[in-house]
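Novice: This is my_file.cif, which holds mmCIF, C-alpha atoms:
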```
data_final
loop_
_atom_site.group_PDB
_atom_site.id
_atom_site.type_symbol
_atom_site.label_atom_id
_atom_site.label_comp_id
_atom_site.auth_asym_id
_atom_site.auth_seq_id
_atom_site.Cartn_x
_atom_site.Cartn_y
_atom_site.Cartn_z
ATOM 1 C CA MET A 1 -20.745 12.617 -26.612
ATOM 2 C CA ILE A 2 -22.875 9.847 -25.149
ATOM 3 C CA ARG A 3 -25.834 11.053 -23.099
ATOM 4 C CA ALA A 4 -27.354 8.887 -20.419
ATOM 5 C CA ASN A 5 -30.933 7.929 -21.184
ATOM 6 C CA PRO A 6 -32.885 9.200 -18.174
ATOM 7 C CA PHE A 7 -35.317 6.262 -18.405
ATOM 8 C CA LYS A 8 -33.066 3.371 -19.479
ATOM 9 C CA GLY A 9 -29.497 2.599 -18.589
ATOM 10 C CA GLY A 10 -28.765 5.807 -16.708
ATOM 11 C CA THR A 11 -25.026 6.381 -16.588
ATOM 12 C CA SER A 12 -24.285 4.206 -19.619
ATOM 13 C CA GLU A 13 -20.592 5.121 -19.644
ATOM 14 C CA PHE A 14 -19.931 3.523 -16.268
ATOM 15 C CA ALA A 15 -17.402 0.712 -16.464
ATOM 16 C CA TYR A 16 -16.197 -1.540 -13.649
ATOM 17 C CA PRO A 17 -14.579 -4.975 -14.071
ATOM 18 C CA ASP A 18 -17.267 -7.641 -13.647
ATOM 19 C CA ASN A 19 -15.152 -9.971 -11.529
ATOM 20 C CA GLY A 20 -14.377 -7.084 -9.184
ATOM 21 C CA GLY A 21 -11.331 -4.957 -8.477
ATOM 22 C CA TYR A 22 -9.639 -2.456 -10.756
ATOM 23 C CA ASP A 23 -6.572 -4.722 -10.657
ATOM 24 C CA SER A 24 -8.393 -6.883 -13.239
ATOM 25 C CA ILE A 25 -7.142 -4.279 -15.746
ATOM 26 C CA SER A 26 -3.558 -5.064 -14.689
ATOM 27 C CA HIS A 27 -4.120 -8.809 -15.194
ATOM 28 C CA VAL A 28 -5.367 -8.204 -18.747
ATOM 29 C CA LEU A 29 -2.307 -6.025 -19.510
ATOM 30 C CA SER A 30 0.021 -8.582 -17.912
ATOM 31 C CA ASP A 31 -1.449 -11.429 -20.012
ATOM 32 C CA TYR A 32 -0.827 -9.339 -23.125
ATOM 33 C CA ILE A 33 2.836 -8.704 -22.156
ATOM 34 C CA LEU A 34 3.380 -12.454 -21.577
ATOM 35 C CA LEU A 35 1.745 -13.201 -24.933
ATOM 36 C CA LYS A 36 4.288 -10.882 -26.560
ATOM 37 C CA ASN A 37 7.132 -12.856 -24.915
ATOM 38 C CA GLY A 38 7.714 -10.277 -22.206
ATOM 39 C CA GLU A 39 8.150 -11.083 -18.521
ATOM 40 C CA VAL A 40 6.264 -9.919 -15.439
ATOM 41 C CA ASP A 41 7.985 -10.909 -12.193
ATOM 42 C CA THR A 42 6.559 -10.263 -8.731
ATOM 43 C CA GLN A 43 8.426 -10.179 -5.403
ATOM 44 C CA GLN A 44 11.446 -8.571 -7.012
ATOM 45 C CA SER A 45 13.841 -6.236 -5.259
ATOM 46 C CA VAL A 46 15.455 -3.336 -7.080
ATOM 47 C CA LYS A 47 18.206 -1.202 -5.563
ATOM 48 C CA LYS A 48 19.352 2.210 -6.675
ATOM 49 C CA ASN A 49 23.019 2.212 -7.596
ATOM 50 C CA TYR A 50 24.584 5.609 -6.817
ATOM 51 C CA CYS A 51 27.883 6.154 -8.586
ATOM 52 C CA MET B 52 19.543 -8.841 -30.170
ATOM 53 C CA SER B 53 18.465 -5.653 -28.384
ATOM 54 C CA MET B 54 18.556 -5.409 -24.588
ATOM 55 C CA PRO B 55 15.239 -5.902 -22.781
ATOM 56 C CA ILE B 56 13.556 -2.802 -21.365
ATOM 57 C CA ILE B 57 13.076 -3.049 -17.614
ATOM 58 C CA VAL B 58 9.894 -1.494 -16.204
ATOM 59 C CA ILE B 59 9.794 -1.078 -12.436
ATOM 60 C CA GLY B 60 6.361 -1.505 -10.886
ATOM 61 C CA ALA B 61 3.403 -3.601 -12.094
ATOM 62 C CA GLY B 62 0.738 -1.002 -11.440
ATOM 63 C CA VAL B 63 -1.572 0.202 -14.202
ATOM 64 C CA GLY B 64 1.049 2.750 -15.366
ATOM 65 C CA GLY B 65 3.969 0.319 -15.536
ATOM 66 C CA LEU B 66 1.980 -2.448 -17.206
ATOM 67 C CA THR B 67 0.445 -0.033 -19.713
ATOM 68 C CA ILE B 68 3.820 1.291 -20.870
ATOM 69 C CA ALA B 69 5.243 -2.258 -20.947
ATOM 70 C CA ALA B 70 2.295 -3.470 -23.049
ATOM 71 C CA LEU B 71 2.663 -0.547 -25.471
ATOM 72 C CA LEU B 72 6.426 -1.217 -25.812
ATOM 73 C CA SER B 73 5.691 -4.931 -26.398
ATOM 74 C CA THR B 74 3.337 -4.111 -29.222
ATOM 75 C CA GLU B 75 6.150 -2.090 -30.872
ATOM 76 C CA GLY B 76 8.364 -5.187 -30.831
ATOM 77 C CA HIS B 77 10.466 -4.408 -27.742
ATOM 78 C CA LYS B 78 11.322 -7.144 -25.285
ATOM 79 C CA VAL B 79 10.131 -5.995 -21.835
ATOM 80 C CA ARG B 80 10.574 -7.249 -18.295
ATOM 81 C CA VAL B 81 8.365 -5.850 -15.525
ATOM 82 C CA LEU B 82 9.667 -6.080 -11.953
ATOM 83 C CA GLU B 83 7.192 -5.773 -9.086
ATOM 84 C CA LYS B 84 8.072 -5.569 -5.385
ATOM 85 C CA SER B 85 4.855 -7.084 -4.026
ATOM 86 C CA SER B 86 3.337 -10.494 -4.690
ATOM 87 C CA LYS B 87 0.366 -8.995 -6.586
ATOM 88 C CA LEU B 88 -0.189 -7.017 -9.744
ATOM 89 C CA GLY B 89 -2.076 -3.728 -9.756
ATOM 90 C CA GLY B 90 -0.025 -1.392 -7.543
ATOM 91 C CA ARG B 91 -2.401 1.107 -5.969
ATOM 92 C CA THR B 92 -5.363 -0.600 -7.635
ATOM 93 C CA ALA B 93 -4.646 -3.948 -5.947
ATOM 94 C CA SER B 94 -7.761 -5.421 -4.334
ATOM 95 C CA VAL B 95 -8.242 -7.877 -1.470
ATOM 96 C CA LYS B 96 -10.902 -10.483 -0.723
ATOM 97 C CA PHE B 97 -12.724 -9.958 2.566
ATOM 98 C CA ARG B 98 -15.644 -12.137 3.684
ATOM 99 C CA ASN B 99 -16.441 -13.094 0.107
ATOM 100 C CA HIS B 100 -16.350 -9.452 -1.062
ATOM 101 C CA ILE B 101 -13.689 -7.868 -3.230
ATOM 102 C CA LEU B 102 -12.466 -4.610 -1.699
ATOM 103 C CA ASP B 103 -10.611 -2.038 -3.763
ATOM 104 C CA ASN B 104 -7.631 -1.257 -1.613
ATOM 105 C CA GLY B 105 -6.537 2.035 -3.072
ATOM 106 C CA PHE B 106 -8.825 3.628 -5.615
ATOM 107 C CA HIS B 107 -12.484 3.148 -4.807
ATOM 108 C CA ILE B 108 -13.377 5.079 -7.896
ATOM 109 C CA MET B 109 -11.240 5.310 -10.994
ATOM 110 C CA PRO B 110 -12.103 7.235 -14.159
ATOM 111 C CA PHE B 111 -12.379 3.971 -16.113
ATOM 112 C CA TYR B 112 -15.004 4.952 -18.651
ATOM 113 C CA LYS B 113 -15.202 3.693 -22.188
ATOM 114 C CA LYS B 114 -13.635 6.970 -23.336
ATOM 115 C CA SER B 115 -10.904 7.077 -20.679
ATOM 116 C CA ALA B 116 -7.176 6.903 -21.467
ATOM 117 C CA ILE B 117 -6.717 3.362 -20.104
ATOM 118 C CA PHE B 118 -9.714 2.014 -22.021
ATOM 119 C CA THR B 119 -8.337 3.659 -25.184
ATOM 120 C CA VAL B 120 -5.055 1.762 -24.642
ATOM 121 C CA LEU B 121 -6.894 -1.571 -24.161
ATOM 122 C CA LYS B 122 -8.762 -0.896 -27.415
ATOM 123 C CA LYS B 123 -5.536 0.010 -29.239
ATOM 124 C CA LEU B 124 -3.997 -3.299 -28.097
ATOM 125 C CA LYS B 125 -7.262 -5.061 -29.102
ATOM 126 C CA ILE B 126 -7.618 -6.592 -25.637
ATOM 127 C CA ASP B 127 -10.591 -4.534 -24.407
ATOM 128 C CA SER B 128 -12.881 -7.536 -24.936
ATOM 129 C CA ASN B 129 -10.742 -9.568 -22.477
ATOM 130 C CA LEU B 130 -12.094 -7.404 -19.672
ATOM 131 C CA ILE B 131 -15.691 -8.208 -18.830
ATOM 132 C CA LEU B 132 -17.416 -5.127 -17.456
ATOM 133 C CA ALA B 133 -20.153 -4.992 -14.864
ATOM 134 C CA LYS B 134 -23.597 -3.990 -16.056
ATOM 135 C CA VAL B 135 -25.333 -1.066 -14.384
ATOM 136 C CA ASN B 136 -27.981 -3.585 -13.207
ATOM 137 C CA ASP B 137 -25.339 -5.341 -11.069
ATOM 138 C CA ILE B 138 -24.275 -2.226 -9.175
ATOM 139 C CA ALA B 139 -25.639 -1.513 -5.709
ATOM 140 C CA PHE B 140 -24.936 0.879 -2.851
ATOM 141 C CA TYR B 141 -24.390 -0.632 0.579
ATOM 142 C CA SER B 142 -25.437 0.935 3.873
ATOM 143 C CA THR B 143 -25.926 -0.502 7.362
ATOM 144 C CA CYS B 144 -29.459 -1.544 6.416
ATOM 145 C CA GLY B 145 -28.390 -3.581 3.375
ATOM 146 C CA PHE B 146 -27.909 -3.226 -0.381
ATOM 147 C CA HIS B 147 -29.767 -0.639 -2.459
ATOM 148 C CA GLY B 148 -30.075 -0.959 -6.237
ATOM 149 C CA TYR B 149 -28.276 1.678 -8.321
ATOM 150 C CA PRO B 150 -30.885 3.978 -9.907
ATOM 151 C CA LYS B 151 -30.730 3.428 -13.678
ATOM 152 C CA GLY B 152 -32.970 6.326 -14.527
ATOM 153 C CA ILE B 153 -35.315 8.982 -13.259
ATOM 154 C CA LEU B 154 -38.112 6.485 -12.499
ATOM 155 C CA ASP B 155 -35.758 4.292 -10.435
ATOM 156 C CA LEU B 156 -35.075 7.297 -8.232
ATOM 157 C CA LEU B 157 -38.618 7.006 -6.896
ATOM 158 C CA ARG B 158 -37.816 3.456 -5.790
ATOM 159 C CA LEU B 159 -34.387 4.262 -4.305
ATOM 160 C CA SER B 160 -34.768 2.917 -0.782
ATOM 161 C CA LEU B 161 -31.502 4.541 0.330
ATOM 162 C CA LEU B 162 -33.107 8.007 0.423
ATOM 163 C CA PRO B 163 -36.134 9.286 2.352
ATOM 164 C CA PHE B 164 -39.204 9.724 0.119
ATOM 165 C CA LYS B 165 -39.116 13.521 0.614
ATOM 166 C CA SER B 166 -35.580 13.655 -0.831
ATOM 167 C CA ARG B 167 -36.568 11.499 -3.802
ATOM 168 C CA VAL B 168 -39.354 13.933 -4.694
ATOM 169 C CA LYS B 169 -36.950 16.882 -4.382
ATOM 170 C CA LEU B 170 -34.457 15.101 -6.641
ATOM 171 C CA LEU B 171 -37.104 14.429 -9.274
ATOM 172 C CA ARG B 172 -38.046 18.110 -9.315
ATOM 173 C CA ILE B 173 -34.397 19.043 -9.956
ATOM 174 C CA LEU B 174 -33.306 16.179 -12.243
ATOM 175 C CA PHE B 175 -36.358 15.841 -14.469
ATOM 176 C CA PRO B 176 -35.935 19.250 -16.190
ATOM 177 C CA LEU B 177 -32.138 18.689 -16.415
ATOM 178 C CA ALA B 178 -32.640 15.333 -18.193
ATOM 179 C CA PHE B 179 -34.462 17.048 -21.044
ATOM 180 C CA THR B 180 -32.152 20.047 -21.411
ATOM 181 C CA SER B 181 -30.509 20.403 -24.828
ATOM 182 C CA LEU B 182 -26.740 19.936 -25.137
ATOM 183 C CA GLU B 183 -26.407 23.528 -26.422
ATOM 184 C CA LYS B 184 -28.100 24.882 -23.318
ATOM 185 C CA THR B 185 -25.928 22.779 -20.978
ATOM 186 C CA GLU B 186 -22.834 24.374 -22.545
ATOM 187 C CA LEU B 187 -24.091 27.757 -21.312
ATOM 188 C CA TRP B 188 -23.926 26.296 -17.785
ATOM 189 C CA ASP B 189 -20.263 25.267 -17.966
ATOM 190 C CA ASP B 190 -19.267 28.236 -15.778
ATOM 191 C CA VAL B 191 -22.121 27.699 -13.306
ATOM 192 C CA PRO B 192 -21.101 25.602 -10.276
ATOM 193 C CA LEU B 193 -23.334 22.607 -9.527
ATOM 194 C CA THR B 194 -23.478 23.829 -5.926
ATOM 195 C CA ASP B 195 -25.650 26.738 -7.150
ATOM 196 C CA ILE B 196 -28.576 24.287 -7.212
ATOM 197 C CA THR B 197 -27.491 22.036 -4.331
ATOM 198 C CA LYS B 198 -26.269 24.474 -1.649
ATOM 199 C CA ASN B 199 -29.690 24.917 0.013
ATOM 200 C CA LEU B 200 -30.671 21.226 -0.044
ATOM 201 C CA ASP B 201 -31.030 19.102 3.088
ATOM 202 C CA PHE B 202 -28.251 16.649 4.011
ATOM 203 C CA ASP B 203 -29.835 13.497 2.441
ATOM 204 C CA THR B 204 -30.689 15.105 -0.893
ATOM 205 C CA ASN B 205 -27.293 16.781 -1.090
ATOM 206 C CA ALA B 206 -25.602 13.435 -0.283
ATOM 207 C CA PHE B 207 -27.124 12.010 -3.493
ATOM 208 C CA PHE B 208 -25.368 14.698 -5.587
ATOM 209 C CA GLU B 209 -22.092 14.138 -3.737
ATOM 210 C CA SER B 210 -22.283 10.344 -4.363
ATOM 211 C CA VAL B 211 -23.121 10.747 -8.047
ATOM 212 C CA CYS B 212 -20.284 13.275 -8.533
ATOM 213 C CA MET B 213 -17.845 10.914 -6.826
ATOM 214 C CA LEU B 214 -19.063 7.991 -8.959
ATOM 215 C CA ALA B 215 -19.171 9.836 -12.277
ATOM 216 C CA PHE B 216 -16.309 12.334 -11.941
ATOM 217 C CA ALA B 217 -14.245 11.025 -8.984
ATOM 218 C CA ASP B 218 -14.565 14.498 -7.501
ATOM 219 C CA THR B 219 -16.697 16.495 -5.075
ATOM 220 C CA ALA B 220 -19.758 18.464 -6.210
ATOM 221 C CA ASP B 221 -18.076 21.843 -5.603
ATOM 222 C CA HIS B 222 -15.589 21.052 -8.399
ATOM 223 C CA ILE B 223 -18.239 20.129 -10.996
ATOM 224 C CA SER B 224 -20.106 22.576 -13.211
ATOM 225 C CA LEU B 225 -23.851 22.391 -13.706
ATOM 226 C CA GLY B 226 -23.274 21.956 -17.463
ATOM 227 C CA GLU B 227 -20.922 18.986 -16.992
ATOM 228 C CA PHE B 228 -23.280 17.346 -14.500
ATOM 229 C CA THR B 229 -26.325 17.774 -16.752
ATOM 230 C CA ARG B 230 -24.572 16.264 -19.779
ATOM 231 C CA THR B 231 -23.469 13.225 -17.765
#
```
Take the structure from the file and write it as structure tokens.
Specialist:
Amino acid sequence: MIRANPFKGGTSEFAYPDNGGYDSISHVLSDYILLKNGEVDTQQSVKKNYC
Amino acid sequence: MSMPIIVIGAGVGGLTIAALLSTEGHKVRVLEKSSKLGGRTASVKFRNHILDNGFHIMPFYKKSAIFTVLKKLKIDSNLILAKVNDIAFYSTCGFHGYPKGILDLLRLSLLPFKSRVKLLRILFPLAFTSLEKTELWDDVPLTDITKNLDFDTNAFFESVCMLAFADTADHISLGEFTRT
């Protein structure tokens, strides 16, 4: 367990992407998928096919 | 050749599972309805500020599940994290530096001086409480020490609980709060 130093650093476990927005996490994951020859396609429509 | 695995939705959940499948050698294709990645964590730019659209606070600590996945994939260093020094609260009268420790509380311009003194009286003894003792407080609600405080002082506890636990003070134990 990491304890916050009451005089330095405070809540040292806090983590927020430096360039702003939690969606930065998604961009890092997406880059990894592309690196592994996967595909990430936006503006795609998917329809349920009921048999 | 095996069929690709289709993952629907490029939010954190969809991209995480797709990344984990990729690392196991599966071919994946992620399909996203919108033009952006991130799902409910998607952010927008507004007047040169980045606004988190969905989650304003996410349990994204260095020990959280998502950070563990980034470490497992060895891509945690690709995400540059903000330093505590860069974090500020905003109110109608401007930005206020995030208090990094007990002494910074005295300089926290967001709160009236009277509230800062009250906070020091409460937080100073907590900061030097042993871990063993805090475990005895795991069944004691944090509100036991905050319920009689004035609005401004109580608001500090509510903000810290929201920031640290993504929850309200009445759901946090005194032990948990003291350890954090």
Novice: Written as an MDAnalysis selection string, what is the full residue list that the PyMOL selection byres ((chain A and resi 44) around 7) yields on the file shown?
Specialist: (chainID A and resid 41:43 45:46) or (chainID B and resid 82:84)
Novice: I'd like the residues picked by the PyMOL selection byres ((chain A and resi 23) around 12) written out as a PyMOL selection string, using the chain letters and numbers from the file.
Specialist: (chain A and resi 16-22+24-30) or (chain B and resi 61-64+66+87-95+101-107+109+111+130)
Novice: In Å, with one decimal, what is the gap from CA of Gly148 in chain B to CA of Leu200 in chain B?
Specialist: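 Result for CA of Gly148 in chain B versus CA of Leu200 in chain B: 23.0 Å, one decimal.
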Novice: For the atom pair CA of Leu161 in chain B and CA of His147 in chain B, what is the interatomic distance in Å to one decimal place?
Specialist: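 One can read the CA of Leu161 in chain B to CA of His147 in chain B distance as 6.1 Å.
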Novice: Decode the PyMOL selection byres ((chain B and resi 196) around 12) for the given file into explicit residues and return them as a ChimeraX atom specification.
Specialist: /B:169-170,172-174,177,188,191-195,197-201,204-205,208,220-221,223-226,228-229
Novice: So which one's closest to chain A, B:Ser53, B:Thr219, B:Asn129, B:Thr185? Using only C-alpha atoms, please.
Specialist: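 Ranking B:Ser53, B:Thr219, B:Asn129, B:Thr185 by distance to chain A, first place goes to B:Asn129.
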Novice: Closest to Phe146 in chain B among B:Leu72, B:Ile126, B:Ser160, B:Gly60, using all atoms listed in the file?
Specialist: B:Ser160
Novice: By how many Å are CA of Thr231 in chain B and CA of Arg158 in chain B apart?
Specialist: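 CA of Thr231 in chain B sits 21.1 Å away from CA of Arg158 in chain B.
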